[in-house]
Amino acid sequence: MSAEEPPTTTGAIALWSAPRSRSTAFLRMMMQRPGVVTLHEPFSHLTDFGSTEVDGTAVHSEAELIAAILRLSRERLVFFKDTTDFHYPGVLADSRFLTEVRHTFIIRRPDEVIASHYALNPALTEPEIGFGRLRELFDAVAAETGSVPAVVDSDALLDDPEGTVRAYCERAGLDHRPQDLSWRAGAHDSWGRAQRWHVDAERSTGFVRSERSYPHTVANTPLLADYHRAQLPHYEALHRHRLVPAGAPRP
């Protein structure tokens with residue numbers, strides 16, 4: 001943000017992600033910010049469990065959830081993150097939601113995503129990896145708003161947390177708060193029904209790279225290699241629009 005622009009205090013910001021793309025760590029950072037209502041995967045929880053909660057009220061449909069987020073965003077600044085292992089037809093069909101919410105995206109290399117996802121879900125199907133659905137949503141937002149949404153490259157987030165978050169805040173209309181780049185380890189109540197997916201986020205205290213190895217990868221498992229070939233073009237399409245921190249080489 002420029003010095004002349006006041007920080008955003010109402011409205012809604014979304015961070016969309018394929019699963020296993022470090023979006024929960026990003027949400028954890030946003031939980032540090034005073035005055036922000038954070039929602040953890042409301043659309044995927046609704047699809048997976050049949051209900052979710054916004055500001056203490058249970059909702060049971062995409063239309064109800066969209067209305068609840070927009071209603072709350074008129075009074076507070078709402079930040080939610082969600083994953084595209086599910087398909088959200090109500091979001092894609094709602095022009096108001098696509099334009100009134102500031103939709104942003106985070107990506108991670110699909111070979112890493114696939115290995116990490118398969119380790120937790122050996123019944124993984126190719127659409128559940130999520131890059132195709134993520135690109136569909138990105139394209140829908142771009143078409144409705146006439147502008148290219150912000151895309152965070154999670155590798156850049158690990159290599160240059162301060163610069164990447166600063167670039168994100170400028171695009172999202174937020175004041176930049178370097179003090180939010182670290183936090184205390186621990187679980188959160190909002191993760192409860194899907195807590196096994198967030199063990200790494202529970203242990204995290206900031207954006208730090210930790211190398212992991214998996215028995216099944218796109219290099220040694222033909223099924224995962226097929227998944228990778230199908231999902232890679234969608235990742236590459238989004239990667240072309242990634243945020244570049246100030247001073248970093250241009251893509």
# chains A, B, ... in the order shown; residues from 1 in each chain; ligands from 1

call {"tool": "residues_around", "arguments": {"residues": "segment 6-21 of chain A", "least_positions_apart": "6", "cutoff": "7 Å", "atoms": "only C-alpha atoms", "output": "PyMOL selection string"}}
result
chain A and resi 73-85+101-108+113+116-117+129-131+134+173-175

call {"tool": "select_by_dssp", "arguments": {"residues": "segment 68-144 of chain A", "states": "alpha helix (DSSP H)", "output": "number ranges by chain"}}
result
A: 68-73, 89-93, 95-100, 110-120, 131-144

call {"tool": "select_by_dssp", "arguments": {"residues": "segment 6-112 of chain A", "states": "strand (DSSP E or B)", "output": "PyMOL selection string"}}
result
chain A and resi 11-17+36-40+52-54+57-59+77-83+102-107

call {"tool": "write_last_selection", "arguments": {"atoms": "N, CA, C and O atoms", "output": "compact mmCIF listing (two decimals), in the first residue's frame"}}
result
# COMPACT_ATOMS: atom_id res chain seq x y z
N GLY A 11 -14.42 -5.75 4.22
CA GLY A 11 -14.29 -6.45 2.95
C GLY A 11 -13.89 -7.90 3.18
O GLY A 11 -13.82 -8.38 4.31
N ALA A 12 -13.65 -8.59 2.09
CA ALA A 12 -13.29 -10.00 2.17
C ALA A 12 -12.14 -10.29 1.21
O ALA A 12 -12.15 -9.83 0.06
N ILE A 13 -11.19 -11.05 1.69
CA ILE A 13 -10.06 -11.51 0.89
C ILE A 13 -10.04 -13.03 0.96
O ILE A 13 -10.13 -13.62 2.03
N ALA A 14 -9.94 -13.66 -0.20
CA ALA A 14 -9.86 -15.12 -0.28
C ALA A 14 -8.47 -15.53 -0.74
O ALA A 14 -7.86 -14.86 -1.59
N LEU A 15 -7.98 -16.62 -0.20
CA LEU A 15 -6.75 -17.25 -0.68
C LEU A 15 -7.11 -18.67 -1.10
O LEU A 15 -7.44 -19.51 -0.26
N TRP A 16 -7.06 -18.94 -2.40
CA TRP A 16 -7.41 -20.25 -2.95
C TRP A 16 -6.14 -21.03 -3.25
O TRP A 16 -5.14 -20.47 -3.69
N SER A 17 -6.22 -22.35 -3.06
CA SER A 17 -5.02 -23.18 -3.14
C SER A 17 -5.39 -24.60 -3.51
O SER A 17 -6.44 -25.11 -3.10
N VAL A 36 -8.95 -8.87 12.10
CA VAL A 36 -9.27 -9.72 10.94
C VAL A 36 -10.00 -10.98 11.42
O VAL A 36 -9.55 -11.67 12.33
N VAL A 37 -11.14 -11.26 10.78
CA VAL A 37 -11.84 -12.52 11.03
C VAL A 37 -11.31 -13.54 10.03
O VAL A 37 -11.40 -13.33 8.81
N THR A 38 -10.72 -14.61 10.51
CA THR A 38 -10.18 -15.63 9.61
C THR A 38 -11.09 -16.86 9.60
O THR A 38 -11.60 -17.28 10.64
N LEU A 39 -11.27 -17.42 8.41
CA LEU A 39 -12.07 -18.62 8.22
C LEU A 39 -11.19 -19.68 7.57
O LEU A 39 -10.53 -19.40 6.56
N HIS A 40 -11.21 -20.86 8.14
CA HIS A 40 -10.37 -21.94 7.64
C HIS A 40 -11.19 -22.89 6.78
O HIS A 40 -12.04 -23.62 7.27
N THR A 52 -20.67 -25.69 7.86
CA THR A 52 -19.53 -24.96 8.37
C THR A 52 -20.07 -23.80 9.18
O THR A 52 -21.29 -23.60 9.25
N GLU A 53 -19.19 -23.03 9.79
CA GLU A 53 -19.63 -21.97 10.69
C GLU A 53 -18.99 -20.64 10.31
O GLU A 53 -17.79 -20.59 10.02
N VAL A 54 -19.79 -19.59 10.28
CA VAL A 54 -19.30 -18.24 10.04
C VAL A 54 -19.81 -17.35 11.16
O VAL A 54 -21.03 -17.21 11.34
N THR A 57 -22.43 -18.86 13.40
CA THR A 57 -23.67 -19.35 12.81
C THR A 57 -23.37 -20.47 11.82
O THR A 57 -22.51 -20.31 10.94
N ALA A 58 -24.07 -21.57 11.94
CA ALA A 58 -23.88 -22.70 11.02
C ALA A 58 -24.56 -22.41 9.70
O ALA A 58 -25.67 -21.85 9.65
N VAL A 59 -23.90 -22.78 8.61
CA VAL A 59 -24.49 -22.67 7.27
C VAL A 59 -24.42 -24.03 6.61
O VAL A 59 -23.54 -24.84 6.91
N LEU A 77 -13.14 -7.07 8.42
CA LEU A 77 -12.27 -7.59 7.37
C LEU A 77 -12.22 -9.11 7.53
O LEU A 77 -11.80 -9.62 8.57
N VAL A 78 -12.64 -9.82 6.52
CA VAL A 78 -12.70 -11.27 6.53
C VAL A 78 -11.60 -11.81 5.63
O VAL A 78 -11.46 -11.37 4.48
N PHE A 79 -10.84 -12.76 6.13
CA PHE A 79 -9.85 -13.47 5.31
C PHE A 79 -10.14 -14.96 5.42
O PHE A 79 -10.19 -15.51 6.52
N PHE A 80 -10.38 -15.60 4.28
CA PHE A 80 -10.55 -17.05 4.32
C PHE A 80 -9.63 -17.70 3.31
O PHE A 80 -9.29 -17.14 2.28
N LYS A 81 -9.20 -18.89 3.68
CA LYS A 81 -8.43 -19.69 2.73
C LYS A 81 -9.18 -20.98 2.48
O LYS A 81 -9.86 -21.51 3.35
N ASP A 82 -9.08 -21.47 1.25
CA ASP A 82 -9.78 -22.71 0.91
C ASP A 82 -9.03 -23.46 -0.17
O ASP A 82 -8.16 -22.90 -0.84
N THR A 83 -9.37 -24.74 -0.31
CA THR A 83 -8.65 -25.62 -1.22
C THR A 83 -9.56 -26.17 -2.29
O THR A 83 -10.77 -26.32 -2.09
N ARG A 102 -11.97 -10.03 -2.81
CA ARG A 102 -10.65 -9.94 -3.45
C ARG A 102 -10.04 -11.33 -3.44
O ARG A 102 -9.52 -11.80 -2.43
N HIS A 103 -10.11 -12.01 -4.57
CA HIS A 103 -9.64 -13.39 -4.67
C HIS A 103 -8.16 -13.42 -5.00
O HIS A 103 -7.72 -12.82 -5.99
N THR A 104 -7.40 -14.15 -4.20
CA THR A 104 -5.97 -14.33 -4.43
C THR A 104 -5.67 -15.83 -4.41
O THR A 104 -6.50 -16.64 -4.00
N PHE A 105 -4.47 -16.19 -4.82
CA PHE A 105 -4.14 -17.60 -5.04
C PHE A 105 -2.72 -17.88 -4.54
O PHE A 105 -1.86 -16.99 -4.54
N ILE A 106 -2.49 -19.13 -4.14
CA ILE A 106 -1.14 -19.57 -3.78
C ILE A 106 -0.89 -20.91 -4.46
O ILE A 106 -1.78 -21.75 -4.54
N ILE A 107 0.32 -21.08 -4.99
CA ILE A 107 0.66 -22.30 -5.73
C ILE A 107 1.96 -22.90 -5.19
O ILE A 107 2.79 -22.21 -4.60

call {"tool": "residues_around", "arguments": {"residues": "Thr145 of chain A", "least_positions_apart": "6", "cutoff": "10 Å", "atoms": "only C-alpha atoms", "output": "ChimeraX atom specification"}}
result
/A:95,98-100,102,139

call {"tool": "write_last_selection", "arguments": {"atoms": "C-alpha atoms", "output": "PDB file, in the first residue's frame"}}
result
ATOM      1  CA  SER A  95     -20.841 -12.894 -10.181  1.00  0.00           C
ATOM      2  CA  LEU A  98     -16.396 -13.182  -7.711  1.00  0.00           C
ATOM      3  CA  THR A  99     -16.215  -9.392  -7.952  1.00  0.00           C
ATOM      4  CA  GLU A 100     -16.842  -8.183  -4.382  1.00  0.00           C
ATOM      5  CA  ARG A 102     -10.651  -9.940  -3.451  1.00  0.00           C
ATOM      6  CA  ASP A 139      -9.998 -17.594 -14.946  1.00  0.00           C
TER       7      ASP A 139
END

call {"tool": "closest_residue", "arguments": {"among": "A:Arg28, A:His176, A:Gly90, A:Pro245", "to": "Thr164 of chain A", "atoms": "only C-alpha atoms"}}
result
A:Pro245

call {"tool": "closest_residue", "arguments": {"among": "A:Phe26, A:Trp183, A:Phe97, A:Tyr214", "to": "Ser154 of chain A", "atoms": "only C-alpha atoms"}}
result
A:Phe26

call {"tool": "closest_residue", "arguments": {"among": "A:Arg184, A:His60, A:His45, A:Arg71", "to": "Gln32 of chain A", "atoms": "only C-alpha atoms"}}
result
A:Arg184

call {"tool": "residues_around", "arguments": {"residues": "Arg177 of chain A", "least_positions_apart": "4", "cutoff": "9 Å", "atoms": "only C-alpha atoms", "output": "MDAnalysis selection string"}}
result
chainID A and resid 33 165:166 169 181

call {"tool": "atom_distance", "arguments": {"atom1": "atom CA of Pro215 of chain A", "atom2": "atom CA of Phe86 of chain A"}}
result
25.5 Å

call {"tool": "closest_residue", "arguments": {"among": "A:Met29, A:Ala246, A:Val148, A:Ala67", "to": "Ala167 of chain A", "atoms": "only C-alpha atoms"}}
result
A:Ala246

call {"tool": "residues_around", "arguments": {"residues": "Val91 of chain A", "least_positions_apart": "2", "cutoff": "9 Å", "atoms": "only C-alpha atoms", "output": "JSON list (two decimals) with N, CA, C and O atoms, in the first residue's frame"}}
result
[["chain", "number", "residue", "atom", "x", "y", "z"],
["A", 62, "GLU", "N", -23.78, -23.60, -0.25],
["A", 62, "GLU", "CA", -22.87, -22.60, -0.80],
["A", 62, "GLU", "C", -23.51, -21.23, -0.82],
["A", 62, "GLU", "O", -22.87, -20.22, -0.51],
["A", 63, "ALA", "N", -24.80, -21.17, -1.17],
["A", 63, "ALA", "CA", -25.48, -19.88, -1.21],
["A", 63, "ALA", "C", -25.52, -19.23, 0.16],
["A", 63, "ALA", "O", -25.28, -18.02, 0.30],
["A", 66, "ILE", "N", -21.87, -18.05, 1.01],
["A", 66, "ILE", "CA", -21.52, -16.84, 0.27],
["A", 66, "ILE", "C", -22.19, -15.63, 0.91],
["A", 66, "ILE", "O", -21.57, -14.58, 1.14],
["A", 88, "TYR", "N", -16.59, -26.04, -6.67],
["A", 88, "TYR", "CA", -17.52, -25.12, -6.03],
["A", 88, "TYR", "C", -18.38, -24.41, -7.08],
["A", 88, "TYR", "O", -18.11, -23.24, -7.44],
["A", 89, "PRO", "N", -19.40, -25.06, -7.60],
["A", 89, "PRO", "CA", -20.22, -24.46, -8.66],
["A", 89, "PRO", "C", -20.91, -23.18, -8.22],
["A", 89, "PRO", "O", -21.11, -22.27, -9.02],
["A", 93, "ALA", "N", -20.58, -19.54, -10.16],
["A", 93, "ALA", "CA", -21.78, -18.97, -10.78],
["A", 93, "ALA", "C", -22.19, -17.64, -10.17],
["A", 93, "ALA", "O", -23.10, -16.99, -10.69],
["A", 94, "ASP", "N", -21.54, -17.23, -9.10],
["A", 94, "ASP", "CA", -21.98, -16.03, -8.38],
["A", 94, "ASP", "C", -21.11, -14.83, -8.76],
["A", 94, "ASP", "O", -20.04, -14.61, -8.20],
["A", 95, "SER", "N", -21.61, -14.04, -9.69],
["A", 95, "SER", "CA", -20.84, -12.89, -10.18],
["A", 95, "SER", "C", -20.53, -11.90, -9.08],
["A", 95, "SER", "O", -19.42, -11.34, -9.01],
["A", 97, "PHE", "N", -20.09, -12.48, -5.85],
["A", 97, "PHE", "CA", -19.04, -13.00, -4.99],
["A", 97, "PHE", "C", -17.68, -12.94, -5.68],
["A", 97, "PHE", "O", -16.66, -12.63, -5.05],
["A", 98, "LEU", "N", -17.65, -13.22, -6.97],
["A", 98, "LEU", "CA", -16.40, -13.18, -7.71],
["A", 98, "LEU", "C", -15.82, -11.77, -7.80],
["A", 98, "LEU", "O", -14.61, -11.59, -7.88],
["A", 137, "LEU", "N", -11.10, -21.35, -11.37],
["A", 137, "LEU", "CA", -11.52, -20.27, -10.50],
["A", 137, "LEU", "C", -10.75, -18.99, -10.82],
["A", 137, "LEU", "O", -11.33, -17.89, -10.87]]

call {"tool": "closest_residue", "arguments": {"among": "A:Arg22, A:Pro149, A:Ile69, A:Tyr168", "to": "Pro42 of chain A", "atoms": "only C-alpha atoms"}}
result
A:Ile69

call {"tool": "residues_around", "arguments": {"residues": "segment 230-239 of chain A", "least_positions_apart": "2", "cutoff": "6 Å", "atoms": "only C-alpha atoms", "output": "list in words"}}
result
Phe131, Gly132, Arg135, Tyr227, His228, His241 and Arg242 of chain A
